[in-house]
>>> print(open('final36.tsv').read())   # TSV, C-alpha atoms and all ligand atoms
chain	number	residue	atom	x	y	z
A	1	VAL	CA	-45.91	-23.54	64.51
A	2	SER	CA	-47.64	-20.99	62.31
A	3	ALA	CA	-45.93	-17.63	61.71
A	4	ARG	CA	-46.71	-14.48	63.64
A	5	ILE	CA	-48.92	-12.26	61.48
A	6	LEU	CA	-47.54	-8.75	61.10
A	7	GLU	CA	-50.64	-6.60	60.64
A	8	GLY	CA	-50.37	-3.07	59.30
A	9	ARG	CA	-53.38	-1.76	61.19
A	10	PRO	CA	-51.86	-1.14	64.66
A	11	ILE	CA	-49.03	0.85	63.05
A	12	ALA	CA	-51.48	2.81	60.92
A	13	GLU	CA	-53.52	3.67	64.02
A	14	ALA	CA	-50.49	4.81	66.02
A	15	LEU	CA	-49.32	6.93	63.08
A	16	ARG	CA	-52.76	8.47	62.59
A	17	THR	CA	-52.83	9.65	66.18
A	18	ARG	CA	-49.35	11.16	65.90
A	19	LEU	CA	-49.99	12.80	62.52
A	20	LYS	CA	-53.29	14.34	63.64
A	21	ARG	CA	-51.41	16.06	66.45
A	22	GLN	CA	-48.70	17.29	64.07
A	23	ALA	CA	-51.34	18.52	61.59
A	24	ILE	CA	-52.99	20.60	64.33
A	25	ASP	CA	-49.61	21.95	65.41
A	26	PHE	CA	-48.75	22.92	61.81
A	27	GLN	CA	-52.11	24.61	61.25
A	28	ARG	CA	-51.70	26.64	64.46
A	29	ARG	CA	-48.26	27.83	63.39
A	30	ALA	CA	-48.88	28.36	59.66
A	31	GLY	CA	-52.47	29.62	59.84
A	32	ARG	CA	-53.56	27.05	57.26
A	33	PRO	CA	-53.67	23.25	56.99
A	34	ALA	CA	-50.68	21.36	55.57
A	35	THR	CA	-51.51	20.71	51.93
A	36	ILE	CA	-50.67	17.99	49.45
A	37	ALA	CA	-51.27	18.40	45.71
A	38	VAL	CA	-51.92	15.16	43.86
A	39	LEU	CA	-51.06	15.59	40.19
A	40	HIS	CA	-52.78	13.15	37.93
A	41	VAL	CA	-52.43	12.71	34.16
A	42	GLY	CA	-55.13	10.89	32.18
A	43	THR	CA	-57.99	8.71	33.27
A	44	ASP	CA	-56.36	5.53	34.56
A	45	ASP	CA	-58.90	4.06	37.00
A	46	ALA	CA	-56.41	2.55	39.45
A	47	SER	CA	-54.58	5.84	39.96
A	48	LEU	CA	-57.85	7.76	40.33
A	49	VAL	CA	-58.86	5.34	43.09
A	50	TYR	CA	-55.45	5.88	44.71
A	51	ALA	CA	-55.79	9.68	44.45
A	52	ARG	CA	-59.18	9.53	46.16
A	53	ALA	CA	-57.82	7.30	48.91
A	54	ILE	CA	-55.04	9.84	49.62
A	55	GLU	CA	-57.61	12.63	49.68
A	56	ARG	CA	-59.79	10.71	52.18
A	57	THR	CA	-56.88	9.93	54.48
A	58	ALA	CA	-55.64	13.53	54.26
A	59	LEU	CA	-59.02	14.85	55.37
A	60	GLN	CA	-59.19	12.37	58.25
A	61	LEU	CA	-55.80	13.54	59.48
A	62	GLY	CA	-56.52	17.25	59.16
A	63	LEU	CA	-54.52	17.92	56.00
A	64	GLU	CA	-55.82	19.45	52.83
A	65	SER	CA	-55.56	17.59	49.54
A	66	ARG	CA	-55.73	19.34	46.20
A	67	ALA	CA	-56.32	17.34	43.01
A	68	VAL	CA	-54.60	18.65	39.88
A	69	ALA	CA	-55.78	16.79	36.78
A	70	LEU	CA	-54.15	17.00	33.36
A	71	PRO	CA	-55.77	15.42	30.30
A	72	ALA	CA	-54.31	12.16	28.91
A	73	GLN	CA	-52.98	14.03	25.87
A	74	ALA	CA	-51.08	16.60	27.99
A	75	GLN	CA	-47.57	17.32	26.68
A	76	GLU	CA	-44.35	17.40	28.64
A	77	SER	CA	-44.45	21.22	28.67
A	78	ASP	CA	-47.89	21.10	30.36
A	79	LEU	CA	-46.55	18.77	33.00
A	80	VAL	CA	-43.52	20.97	33.62
A	81	ARG	CA	-45.73	24.08	33.87
A	82	ALA	CA	-47.98	22.35	36.42
A	83	LEU	CA	-44.97	21.26	38.47
A	84	VAL	CA	-43.42	24.74	38.44
A	85	ARG	CA	-46.71	26.29	39.47
A	86	LEU	CA	-47.04	23.90	42.41
A	87	SER	CA	-43.40	24.46	43.41
A	88	ASP	CA	-43.98	28.22	43.50
A	89	ASP	CA	-47.29	27.94	45.37
A	90	ARG	CA	-46.69	28.79	49.03
A	91	GLY	CA	-49.98	27.13	49.94
A	92	VAL	CA	-48.72	23.72	48.76
A	93	ASP	CA	-46.32	21.75	50.98
A	94	GLY	CA	-46.17	18.44	49.18
A	95	ILE	CA	-46.52	17.26	45.58
A	96	LEU	CA	-47.35	13.71	44.60
A	97	VAL	CA	-47.32	12.76	40.93
A	98	GLN	CA	-49.38	9.70	40.19
A	99	LEU	CA	-47.32	7.04	38.41
A	100	PRO	CA	-47.21	5.47	35.93
A	101	LEU	CA	-47.56	8.37	33.50
A	102	PRO	CA	-49.00	7.90	30.02
A	103	ARG	CA	-46.26	6.47	27.82
A	104	HIS	CA	-45.50	9.66	25.87
A	105	LEU	CA	-44.44	11.47	29.08
A	106	SER	CA	-41.06	10.97	30.67
A	107	GLN	CA	-40.66	10.06	34.33
A	108	ARG	CA	-37.17	11.48	34.09
A	109	THR	CA	-38.64	14.96	33.51
A	110	ILE	CA	-40.53	14.70	36.78
A	111	ALA	CA	-37.45	13.47	38.62
A	112	GLU	CA	-35.59	16.56	37.36
A	113	MET	CA	-38.35	19.16	37.71
A	114	MET	CA	-39.83	18.09	41.05
A	115	ASP	CA	-39.06	20.52	43.87
A	116	PRO	CA	-37.08	18.35	46.31
A	117	ARG	CA	-38.54	20.19	49.34
A	118	LYS	CA	-42.06	19.19	48.26
A	119	ASP	CA	-41.21	15.77	46.84
A	120	VAL	CA	-43.24	13.67	49.29
A	121	ASP	CA	-42.71	10.40	47.42
A	122	GLY	CA	-38.94	10.79	47.15
A	123	ILE	CA	-38.66	10.57	43.36
A	124	SER	CA	-36.61	13.69	42.58
A	125	VAL	CA	-32.98	13.25	41.57
A	126	THR	CA	-31.93	15.25	44.63
A	127	ASN	CA	-33.81	13.04	47.09
A	128	VAL	CA	-32.69	9.85	45.35
A	129	GLY	CA	-29.11	11.15	45.63
A	130	ASN	CA	-29.58	12.04	49.30
A	131	LEU	CA	-30.84	8.53	50.03
A	132	PHE	CA	-27.80	7.07	48.24
A	133	LEU	CA	-25.49	9.37	50.19
A	134	ARG	CA	-27.19	8.54	53.51
A	135	GLN	CA	-28.33	12.14	53.98
A	136	GLN	CA	-31.72	13.06	55.38
A	137	SER	CA	-34.27	13.04	52.56
A	138	LEU	CA	-37.90	12.49	51.66
A	139	VAL	CA	-38.12	8.84	50.61
A	140	PRO	CA	-40.59	6.75	48.59
A	141	SER	CA	-43.62	5.78	50.63
A	142	THR	CA	-43.72	2.01	50.16
A	143	PRO	CA	-40.13	1.33	51.28
A	144	ALA	CA	-40.74	3.74	54.19
A	145	ALA	CA	-43.78	1.63	55.11
A	146	VAL	CA	-41.69	-1.57	55.05
A	147	VAL	CA	-39.08	-0.07	57.39
A	148	SER	CA	-41.78	1.28	59.74
A	149	LEU	CA	-43.41	-2.12	59.93
A	150	LEU	CA	-40.10	-3.87	60.64
A	151	ASP	CA	-39.32	-1.30	63.35
A	152	HIS	CA	-42.76	-1.57	64.93
A	153	TYR	CA	-42.43	-5.36	65.27
A	154	ARG	CA	-38.82	-4.96	66.44
A	155	VAL	CA	-37.33	-7.08	63.67
A	156	PRO	CA	-33.55	-6.68	64.00
A	157	LEU	CA	-31.81	-5.47	60.84
A	158	SER	CA	-28.21	-4.72	61.74
A	159	GLY	CA	-25.98	-7.46	60.36
A	160	LYS	CA	-29.00	-9.45	59.14
A	161	ARG	CA	-29.18	-11.03	55.74
A	162	VAL	CA	-32.01	-9.29	53.85
A	163	VAL	CA	-33.11	-10.37	50.39
A	164	ILE	CA	-35.37	-8.08	48.34
A	165	VAL	CA	-37.12	-9.57	45.31
A	166	GLY	CA	-37.95	-6.75	42.88
A	167	ALA	CA	-35.70	-3.86	41.87
A	168	SER	CA	-38.08	-1.09	40.84
A	169	ASN	CA	-37.28	2.60	41.34
A	170	VAL	CA	-40.24	3.00	43.70
A	171	VAL	CA	-39.89	-0.08	45.90
A	172	GLY	CA	-36.95	-2.49	45.57
A	173	LYS	CA	-34.03	-0.11	44.95
A	174	PRO	CA	-34.86	2.61	47.49
A	175	LEU	CA	-35.66	-0.09	50.07
A	176	ALA	CA	-32.19	-1.57	49.54
A	177	PHE	CA	-30.62	1.79	50.45
A	178	LEU	CA	-32.89	2.31	53.47
A	179	LEU	CA	-31.91	-1.13	54.78
A	180	LEU	CA	-28.22	-0.49	54.09
A	181	GLN	CA	-28.63	2.55	56.34
A	182	ARG	CA	-29.69	0.06	59.03
A	183	ASP	CA	-26.53	-1.99	58.47
A	184	ALA	CA	-28.33	-4.97	56.94
A	185	THR	CA	-26.53	-7.13	54.38
A	186	VAL	CA	-28.77	-6.58	51.38
A	187	THR	CA	-29.20	-8.64	48.21
A	188	VAL	CA	-31.54	-7.41	45.45
A	189	CYS	CA	-33.03	-10.00	43.06
A	190	HIS	CA	-34.80	-9.17	39.80
A	191	ILE	CA	-36.11	-10.67	36.60
A	192	ALA	CA	-32.66	-11.83	35.45
A	193	THR	CA	-31.72	-13.45	38.76
A	194	ARG	CA	-30.90	-17.11	38.19
A	195	ASP	CA	-32.16	-19.67	40.71
A	196	LEU	CA	-34.22	-17.23	42.77
A	197	ALA	CA	-34.87	-19.84	45.48
A	198	LYS	CA	-31.14	-20.13	46.19
A	199	TRP	CA	-31.15	-16.48	47.25
A	200	THR	CA	-34.49	-16.30	49.02
A	201	GLN	CA	-33.66	-19.39	51.11
A	202	GLN	CA	-30.79	-17.47	52.69
A	203	ALA	CA	-32.89	-14.52	53.81
A	204	GLU	CA	-33.45	-13.82	57.49
A	205	VAL	CA	-35.72	-11.03	56.26
A	206	LEU	CA	-37.33	-11.57	52.84
A	207	VAL	CA	-39.14	-8.68	51.12
A	208	VAL	CA	-41.06	-9.41	47.93
A	209	ALA	CA	-42.20	-6.60	45.61
A	210	VAL	CA	-42.76	-7.99	42.14
A	211	GLY	CA	-46.44	-8.15	41.22
A	212	LYS	CA	-46.71	-11.91	40.53
A	213	PRO	CA	-49.15	-13.96	42.62
A	214	HIS	CA	-47.67	-17.05	44.33
A	215	LEU	CA	-44.13	-16.28	43.17
A	216	ILE	CA	-42.74	-17.26	46.57
A	217	HIS	CA	-43.72	-20.62	48.02
A	218	ALA	CA	-42.79	-22.45	51.21
A	219	ASP	CA	-39.68	-24.24	49.95
A	220	MET	CA	-38.14	-20.88	48.95
A	221	VAL	CA	-38.27	-19.56	52.51
A	222	ARG	CA	-35.79	-20.12	55.32
A	223	PRO	CA	-37.50	-21.54	58.42
A	224	GLY	CA	-38.15	-18.76	60.94
A	225	ALA	CA	-37.61	-15.93	58.41
A	226	THR	CA	-39.56	-12.66	58.51
A	227	VAL	CA	-41.46	-12.33	55.21
A	228	ILE	CA	-42.75	-8.97	54.00
A	229	ASP	CA	-45.12	-9.18	51.04
A	230	VAL	CA	-45.44	-5.87	49.19
A	231	GLY	CA	-47.19	-7.30	46.12
A	232	ILE	CA	-50.80	-6.47	45.36
A	233	ASN	CA	-52.43	-8.65	42.70
A	234	THR	CA	-56.06	-8.96	41.70
A	235	LEU	CA	-57.05	-12.52	40.72
A	236	PRO	CA	-59.75	-13.28	38.10
A	237	ASP	CA	-62.25	-13.87	40.94
A	238	HIS	CA	-61.45	-10.27	42.11
A	239	SER	CA	-59.74	-11.41	45.29
A	240	ILE	CA	-56.54	-9.59	46.26
A	241	VAL	CA	-53.37	-11.54	46.98
A	242	GLY	CA	-49.69	-10.72	47.40
A	243	ASP	CA	-46.64	-12.27	45.74
A	244	VAL	CA	-46.18	-14.80	48.54
A	245	ASP	CA	-48.20	-17.99	48.83
A	246	PHE	CA	-49.46	-16.98	52.27
A	247	GLU	CA	-51.09	-20.23	53.42
A	248	THR	CA	-48.03	-22.44	52.83
A	249	VAL	CA	-45.34	-19.89	53.69
A	250	ARG	CA	-46.93	-19.06	57.06
A	251	GLU	CA	-46.16	-22.65	58.12
A	252	VAL	CA	-42.42	-22.09	57.54
A	253	ALA	CA	-41.81	-18.40	58.27
A	254	GLY	CA	-41.38	-16.93	61.74
A	255	ALA	CA	-43.44	-13.87	60.84
A	256	ILE	CA	-45.33	-12.74	57.74
A	257	THR	CA	-47.38	-9.77	56.53
A	258	PRO	CA	-50.88	-10.48	55.18
A	259	VAL	CA	-52.22	-9.13	51.89
A	260	PRO	CA	-54.45	-7.24	52.19
A	261	GLY	CA	-53.89	-5.85	55.67
A	262	GLY	CA	-50.11	-5.52	55.75
A	263	ILE	CA	-47.93	-2.96	53.96
A	264	GLY	CA	-50.88	-1.66	51.92
A	265	GLN	CA	-52.40	-0.25	55.13
A	266	LEU	CA	-49.44	2.07	55.52
A	267	THR	CA	-48.46	3.48	52.14
A	268	ASN	CA	-50.95	6.38	52.02
A	269	ILE	CA	-50.21	7.34	55.58
A	270	MET	CA	-46.50	7.45	54.76
A	271	VAL	CA	-47.14	9.97	51.95
A	272	LEU	CA	-49.02	12.18	54.40
A	273	ARG	CA	-46.36	11.72	57.09
A	274	GLN	CA	-43.84	13.02	54.57
A	275	THR	CA	-46.18	15.87	53.60
A	276	LEU	CA	-46.22	17.01	57.23
A	277	LEU	CA	-42.46	16.61	57.47
A	278	ALA	CA	-42.00	18.66	54.28
A	279	ALA	CA	-44.47	21.27	55.57
A	280	LEU	CA	-42.70	21.64	58.92
A	281	LEU	CA	-39.26	21.84	57.29
A	282	GLN	CA	-40.41	24.56	54.88
A	283	LEU	CA	-42.06	26.46	57.72
A	284	ARG	CA	-38.76	26.37	59.61
A	285	GLU	CA	-37.02	27.85	56.53
A	286	LEU	CA	-39.43	30.80	56.62
A	287	VAL	CA	-38.89	31.78	60.29
A	301	LIG	P1	-42.56	-3.00	38.98
A	301	LIG	O1	-42.13	-1.62	38.70
A	301	LIG	O2	-43.28	-3.80	37.96
A	301	LIG	O3	-41.26	-3.80	39.42
A	301	LIG	C1	-41.28	-5.20	39.61
A	301	LIG	C2	-39.88	-5.68	39.86
A	301	LIG	O4	-39.89	-7.10	39.98
A	301	LIG	C3	-38.90	-5.37	38.74
A	301	LIG	O5	-37.66	-5.04	39.31
A	301	LIG	C4	-38.79	-6.69	37.99
A	301	LIG	O6	-37.50	-6.89	37.39
A	301	LIG	C5	-38.94	-7.69	39.10
A	301	LIG	N1	-39.43	-8.98	38.64
A	301	LIG	C6	-40.40	-9.24	37.74
A	301	LIG	N2	-40.59	-10.58	37.64
A	301	LIG	C7	-39.71	-11.16	38.48
A	301	LIG	C8	-39.42	-12.50	38.80
A	301	LIG	N3	-40.09	-13.53	38.24
A	301	LIG	N4	-38.44	-12.74	39.70
A	301	LIG	C9	-37.77	-11.73	40.29
A	301	LIG	N5	-38.01	-10.43	40.02
A	301	LIG	C10	-38.98	-10.15	39.12
A	301	LIG	O7	-43.48	-3.06	40.27
A	301	LIG	P2	-43.49	-2.15	41.62
A	301	LIG	O8	-44.10	-0.85	41.33
A	301	LIG	O9	-42.16	-2.22	42.28
A	301	LIG	O10	-44.53	-2.99	42.48
A	301	LIG	C11	-44.29	-4.34	42.83
A	301	LIG	C12	-45.55	-4.91	43.48
A	301	LIG	O11	-45.81	-4.19	44.67
A	301	LIG	C13	-46.82	-4.80	42.64
A	301	LIG	O12	-47.65	-5.90	42.92
A	301	LIG	C14	-47.48	-3.54	43.17
A	301	LIG	O13	-48.87	-3.55	43.00
A	301	LIG	C15	-47.12	-3.63	44.62
A	301	LIG	N6	-47.09	-2.35	45.34
A	301	LIG	C16	-47.69	-2.35	46.54
A	301	LIG	C17	-47.69	-1.19	47.29
A	301	LIG	C18	-48.34	-1.24	48.64
A	301	LIG	O14	-48.76	-0.23	49.16
A	301	LIG	N7	-48.41	-2.41	49.28
A	301	LIG	C19	-47.09	-0.04	46.81
A	301	LIG	C20	-46.41	-0.09	45.58
A	301	LIG	C21	-46.42	-1.27	44.86
A	301	LIG	P3	-37.05	-6.06	36.06
A	301	LIG	O15	-37.06	-4.61	36.46
A	301	LIG	O16	-35.70	-6.54	35.80
A	301	LIG	O17	-38.10	-6.39	35.04
>>> encode(input="final36.tsv", output="structure tokens")
Amino acid sequence: VSARILEGRPIAEALRTRLKRQAIDFQRRAGRPATIAVLHVGTDDASLVYARAIERTALQLGLESRAVALPAQAQESDLVRALVRLSDDRGVDGILVQLPLPRHLSQRTIAEMMDPRKDVDGISVTNVGNLFLRQQSLVPSTPAAVVSLLDHYRVPLSGKRVVIVGASNVVGKPLAFLLLQRDATVTVCHIATRDLAKWTQQAEVLVVAVGKPHLIHADMVRPGATVIDVGINTLPDHSIVGDVDFETVREVAGAITPVPGGIGQLTNIMVLRQTLLAALLQLRELV
């Protein structure tokens, strides 16, 4: 029996409807639209495409998106100045810094300088700490998308054995803490993990976020498992695939996300959901 396909689209549509309502509600109360600033350094094509996609989705939902571009040769002091200016700007509710930064700039500086109230991708040291401490916080968008998808399709997590492949600061690690909050038993695998298949075969829920096409094939997957493929890879023929060998794994898994059409459908919307959350929380502080 072929696996159930866990599409992102129905979740995206439900979220859009809810967020449009919240955006109208915010605008009525604040007298202006909720606003995200997307800070971009340099001319990397992929992140420009991403910035434009956020802008498009923001407009569709009734939020405002402001692009802040710094030149590739910008220094750390320029970046800090831009962040402070956006923190102080009462017309900005959320700040998203496009990663990766050019190599001469430190991500650590952003994590320290980012205003945690406006940190809509959950990268500031305060929000990372809150996630660790199981306090309410703004969290990174991709792990938030994974949890939303699992919730939507009612995949049980409490007590379940979850294996995450990939331990990055933006996906694997924060996802591990979000799933711990749901009482899952979480294992995180990474580049130094020996015998990856031994771990993945145990997973009742397997999440893969590495960036290597066909890393996970059918014999690495426990029959009936739920498989979430976060990877996005462009092949030489320009087709887009995940990290999971979809065609063979779907014959073994109980449920699987497609790429494209799965998690990728949700990430932008999550950033805007957090922008509205940040906007509403800051509005509450003012009254
Ligand atoms: P990343 O920063 O490159 O992290 C990749 C992680 O995978 C690292 O922890 C790395 O370990 C680990 N890894 C590398 N090779 C491995 C292997 N052979 N076996 C096990 N672990 C291995 O990437 P990322 O930003 O987390 O993104 C991961 C993938 O998700 C990419 O394809 C990216 O495009 C995609 N992505 C998708 C969305 C979406 O909306 N769907 C959003 C964000 C990212 P080390 O750290 O030890 O090297």
>>> closest_residue(input="final36.tsv", among="A:Leu39, A:Val221, A:Ala34, A:Val207", to="ligand LIG 301 (chain A)", atoms="all atoms listed in the file")
A:Val207
>>> residues_near_point(input="final36.tsv", point="(-43.5, -5.2, 45.0)", cutoff="9 Å", atoms="only C-alpha atoms", output="PyMOL selection string")
chain A and resi 142+165-168+170-172+207-212+229-232+242-243
>>> atom_distance(input="final36.tsv", atom1="atom CA of A:Glu251", atom2="atom CA of A:Ile216")
13.2 Å
>>> closest_residue(input="final36.tsv", among="A:Ser2, A:Arg108, A:Ser137, A:Gly91", to="A:Gly31", atoms="all atoms listed in the file")
A:Gly91
>>> closest_residue(input="final36.tsv", among="A:Gly122, A:Gly62, A:Pro100, A:Pro236", to="ligand LIG 301 (chain A)", atoms="all atoms listed in the file")
A:Pro100
>>> atom_distance(input="final36.tsv", atom1="atom C16 of ligand LIG 301 (chain A)", atom2="atom CA of A:Gly264")
6.3 Å
>>> atom_distance(input="final36.tsv", atom1="atom CA of A:Leu61", atom2="atom CA of A:Arg29")
16.6 Å
>>> closest_residue(input="final36.tsv", among="A:Thr267, A:Gln75, A:Gln282, A:Thr187", to="ligand LIG 301 (chain A)", atoms="only C-alpha atoms and all ligand atoms")
A:Thr267
>>> closest_residue(input="final36.tsv", among="A:Thr275, A:Gln265, A:Gln136, A:Ser158", to="A:Ser65", atoms="only C-alpha atoms")
A:Thr275
>>> closest_residue(input="final36.tsv", among="A:His217, A:Arg154, A:Arg85, A:Arg66", to="A:Arg52", atoms="only C-alpha atoms")
A:Arg66
>>> residues_around(input="final36.tsv", residues="A:Leu277", least_positions_apart="2", cutoff="10 Å", atoms="all atoms listed in the file", output="PyMOL selection string")
chain A and resi 19+22-23+26+34+93-94+117-118+120+138+271-275+279-283
>>> axis_aligned_box(input="final36.tsv", around="ligand LIG 301 (chain A)", padding_each_side="8 Å", output="lines of an AutoDock Vina configuration file")
center_x = -42.3
center_y = -6.8
center_z = 42.2
size_x = 29.2
size_y = 29.5
size_z = 30.2
>>> residues_near_point(input="final36.tsv", point="(-34.9, -22.4, 49.4)", cutoff="7 Å", atoms="only C-alpha atoms", output="list in words")
Ala197, Lys198, Thr200, Gln201, Asp219, Met220, Val221 and Arg222 of chain A
